[in-house]
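Asker: After the C-alpha cells below, expect a handful of questions from me.
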Amino acid sequence: MNVIAVIGSGRWSGKTTTIESLVRELTRRGKKVGTIKQIHKEDFTLDTEKKDTWRHANAGARIVVSAAPHEVAAMKRIENENWFNEAMNLLKGEDLDYVLIEGTPKREMPLIFAAGKVETAKKILKELKGELVCISAFAPEEFDKAEFSVPVLHPTKDVKKMADLVEFIS
C-alpha cells in the first residue's frame, strides 16, 4: 500500500480538492484508494453524546462500529496522539493500492504540497521533510517554475499529470 500525504498552508489551500481529484482519477484508473483526514480540533468526535454508540464507548468498548445498510463507521478513542498509526491499523485489512492523507503525519513519506499563495509555499517548502512529489495550486501560472524543483499543477485541471507522478513514485 502506497501512502502519500497532501499537506498545505491552512484553510482554502486546496488540500481537500487535491485529494478529491486524485481519488477520482486513481479510481478511474482501477486503483483502490483509501483516505485519512487529520482533524486538529481536540474535542472532535463523530459520535453524539448519549446515543447508543457513545454509550458503548463510555462503557469501555475499545472500538465501536456502527453498521447501517449503506455505511459502516468505526470509532476508536485513543489515549495517545499517534493518530496516524491508529488510522493506518484500521485500513490494514483493506486491499488498497493507495492511502491519501490530508494532514501532516509525523513521519517521512511522499508529499504533495497544496499551496494557497506563492510566498507561503516558499516559506513552508524550506521546512518540509519527505519527498516532494509536486505542488498543487489553483493558480500555477503565478509560480516561477525555475524557483521550484517540482511541477506546479492545478488540482483539477492537471489531475492526470498529478496521478501520473503519484503512480511513478509508487
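Residue numbering restarts at 1 in every chain; chains get A, B, ... in the order shown in the C-alpha cells, and ligands count up from 1 in that same order.
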Using backbone DSSP assignments, extract all helix (DSSP H, G or I) residues from stretch 3-162 of chain A; output them as a VMD selection string.
Answerer: chain A and resid 15 to 28 52 to 58 83 to 91 118 to 125 140 to 142 145 to 147 159 to 162
Asker: Leaving out A:Met162 and any residue of its chain fewer than 2 positions from it, which residues lie within 9 Å of it when counting only C-alpha atoms, given as a VMD selection string?
Answerer: chain A and resid 22 133 to 134 136 151 153 to 155 158 to 160 164 to 167
Asker: Emit the selected residues as a PDB file, in the first residue's frame, including C-alpha atoms.
Answerer:
```pdb
ATOM      1  CA  LEU A  22      -6.701  12.297  -7.048  1.00  0.00           C
ATOM      2  CA  VAL A 133       6.067  14.957  -5.470  1.00  0.00           C
ATOM      3  CA  CYS A 134       4.566  18.221  -6.710  1.00  0.00           C
ATOM      4  CA  SER A 136      -0.884  21.705  -6.136  1.00  0.00           C
ATOM      5  CA  PRO A 151       5.989  20.523 -11.076  1.00  0.00           C
ATOM      6  CA  LEU A 153      -0.054  21.636 -11.077  1.00  0.00           C
ATOM      7  CA  HIS A 154      -3.684  22.718 -10.849  1.00  0.00           C
ATOM      8  CA  PRO A 155      -5.602  20.299  -8.543  1.00  0.00           C
ATOM      9  CA  ASP A 158      -3.812  18.852 -14.140  1.00  0.00           C
ATOM     10  CA  VAL A 159      -5.008  15.865 -12.091  1.00  0.00           C
ATOM     11  CA  LYS A 160      -3.954  13.333 -14.764  1.00  0.00           C
ATOM     12  CA  ASP A 164       0.980  10.017 -13.191  1.00  0.00           C
ATOM     13  CA  LEU A 165       3.521  11.401 -10.686  1.00  0.00           C
ATOM     14  CA  VAL A 166       1.841   9.530  -7.810  1.00  0.00           C
ATOM     15  CA  GLU A 167       1.917   6.266  -9.769  1.00  0.00           C
TER      16      GLU A 167
END
```
Asker: Pick out the residues sitting within 12 Å of A:Ile4, and hand them over as a ChimeraX atom specification; count only C-alpha atoms, and ignore anything fewer than 2 positions along from it in its own chain.
Answerer: /A:1-2,6-7,18-19,22-23,33-36,97-105,107-113,130-134,163,165-167,169-170
Asker: Residues as selected, N, CA and C atoms, written as a tab-separated table (two decimals), in the first residue's frame, can you do that?
Answerer:
```tsv
chain	number	residue	atom	x	y	z
A	1	MET	N	0.85	-1.17	0.00
A	1	MET	CA	0.00	0.00	0.00
A	1	MET	C	0.90	1.23	0.00
A	2	ASN	N	0.67	2.13	-0.93
A	2	ASN	CA	1.44	3.36	-1.05
A	2	ASN	C	0.74	4.47	-0.28
A	6	VAL	N	-1.06	14.80	1.57
A	6	VAL	CA	-1.33	16.09	0.95
A	6	VAL	C	-1.39	17.09	2.10
A	7	ILE	N	-0.40	17.96	2.12
A	7	ILE	CA	-0.31	18.94	3.19
A	7	ILE	C	-0.50	20.32	2.59
A	18	THR	N	-7.48	18.66	-3.89
A	18	THR	CA	-6.41	17.81	-4.43
A	18	THR	C	-6.70	16.34	-4.14
A	19	ILE	N	-7.06	16.03	-2.90
A	19	ILE	CA	-7.38	14.64	-2.52
A	19	ILE	C	-8.58	14.15	-3.35
A	22	LEU	N	-7.56	13.48	-6.94
A	22	LEU	CA	-6.70	12.30	-7.05
A	22	LEU	C	-7.47	11.01	-6.81
A	23	VAL	N	-8.38	11.00	-5.84
A	23	VAL	CA	-9.19	9.81	-5.58
A	23	VAL	C	-9.99	9.46	-6.83
A	33	VAL	N	-8.41	3.08	-3.46
A	33	VAL	CA	-7.88	4.20	-2.70
A	33	VAL	C	-8.63	4.35	-1.38
A	34	GLY	N	-7.89	4.60	-0.31
A	34	GLY	CA	-8.46	4.97	0.98
A	34	GLY	C	-7.91	6.33	1.36
A	35	THR	N	-8.59	7.02	2.24
A	35	THR	CA	-8.11	8.32	2.70
A	35	THR	C	-8.15	8.41	4.21
A	36	ILE	N	-7.33	9.30	4.73
A	36	ILE	CA	-7.34	9.66	6.15
A	36	ILE	C	-7.39	11.17	6.20
A	97	ASP	N	-4.52	0.12	-2.90
A	97	ASP	CA	-3.30	0.47	-3.62
A	97	ASP	C	-2.68	1.74	-3.05
A	98	TYR	N	-3.54	2.68	-2.65
A	98	TYR	CA	-3.09	3.97	-2.15
A	98	TYR	C	-3.88	4.40	-0.93
A	99	VAL	N	-3.18	5.07	-0.01
A	99	VAL	CA	-3.82	5.79	1.08
A	99	VAL	C	-3.35	7.23	0.94
A	100	LEU	N	-4.31	8.14	0.80
A	100	LEU	CA	-4.01	9.56	0.71
A	100	LEU	C	-4.39	10.20	2.03
A	101	ILE	N	-3.45	10.92	2.61
A	101	ILE	CA	-3.67	11.53	3.91
A	101	ILE	C	-3.80	13.03	3.73
A	102	GLU	N	-4.87	13.60	4.26
A	102	GLU	CA	-4.99	15.05	4.29
A	102	GLU	C	-4.55	15.48	5.67
A	103	GLY	N	-3.34	15.97	5.76
A	103	GLY	CA	-2.77	16.37	7.03
A	103	GLY	C	-1.31	16.01	7.08
A	104	THR	N	-0.67	16.35	8.18
A	104	THR	CA	0.77	16.17	8.31
A	104	THR	C	1.10	15.07	9.29
A	105	PRO	N	1.36	13.86	8.80
A	105	PRO	CA	1.76	12.79	9.72
A	105	PRO	C	3.17	13.05	10.23
A	107	ARG	N	5.83	11.44	10.22
A	107	ARG	CA	6.82	10.53	9.67
A	107	ARG	C	7.04	10.90	8.22
A	108	GLU	N	8.21	10.57	7.71
A	108	GLU	CA	8.54	10.94	6.33
A	108	GLU	C	7.80	10.05	5.34
A	109	MET	N	7.30	10.67	4.28
A	109	MET	CA	6.60	9.98	3.20
A	109	MET	C	6.52	10.94	2.03
A	110	PRO	N	6.15	10.45	0.86
A	110	PRO	CA	5.96	11.36	-0.26
A	110	PRO	C	4.87	12.39	0.05
A	111	LEU	N	5.11	13.63	-0.40
A	111	LEU	CA	4.21	14.73	-0.09
A	111	LEU	C	3.76	15.46	-1.35
A	112	ILE	N	2.53	15.90	-1.32
A	112	ILE	CA	2.02	16.88	-2.28
A	112	ILE	C	1.70	18.11	-1.45
A	113	PHE	N	2.24	19.24	-1.86
A	113	PHE	CA	2.02	20.47	-1.09
A	113	PHE	C	0.96	21.31	-1.79
A	130	GLY	N	10.61	14.96	3.74
A	130	GLY	CA	9.93	13.97	2.92
A	130	GLY	C	10.09	14.33	1.46
A	131	GLU	N	9.80	13.38	0.61
A	131	GLU	CA	9.95	13.56	-0.83
A	131	GLU	C	8.77	14.37	-1.37
A	132	LEU	N	9.06	15.54	-1.94
A	132	LEU	CA	8.02	16.38	-2.51
A	132	LEU	C	7.72	15.90	-3.93
A	133	VAL	N	6.49	15.48	-4.17
A	133	VAL	CA	6.07	14.96	-5.47
A	133	VAL	C	5.74	16.10	-6.41
A	134	CYS	N	4.95	17.06	-5.92
A	134	CYS	CA	4.57	18.22	-6.71
A	134	CYS	C	3.90	19.24	-5.80
A	163	ALA	N	-1.65	12.43	-10.99
A	163	ALA	CA	-1.82	10.98	-10.77
A	163	ALA	C	-0.67	10.20	-11.41
A	165	LEU	N	2.40	11.24	-11.62
A	165	LEU	CA	3.52	11.40	-10.69
A	165	LEU	C	3.35	10.47	-9.48
A	166	VAL	N	2.13	10.39	-8.96
A	166	VAL	CA	1.84	9.53	-7.81
A	166	VAL	C	2.12	8.08	-8.17
A	167	GLU	N	1.67	7.65	-9.35
A	167	GLU	CA	1.92	6.27	-9.77
A	167	GLU	C	3.39	6.01	-10.03
A	169	ILE	N	6.01	7.33	-8.46
A	169	ILE	CA	6.80	7.17	-7.23
A	169	ILE	C	6.48	5.89	-6.49
A	170	SER	N	5.38	5.24	-6.85
A	170	SER	CA	4.93	4.04	-6.14
A	170	SER	C	5.80	2.84	-6.47
```
Asker: Could you tell me how far atom CA of A:Ala61 sits from atom CA of A:Ala74, in Å to one decimal place?
Answerer: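 These atoms are spaced 11.7 Å apart.
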Asker: May I ask which of the residues A:Phe148, A:Phe168, A:Phe84, A:Phe138 is the closest one to A:Gly14, counting only C-alpha atoms?
Answerer: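 Answer, going by the shortest atom-to-atom distance: A:Phe138.
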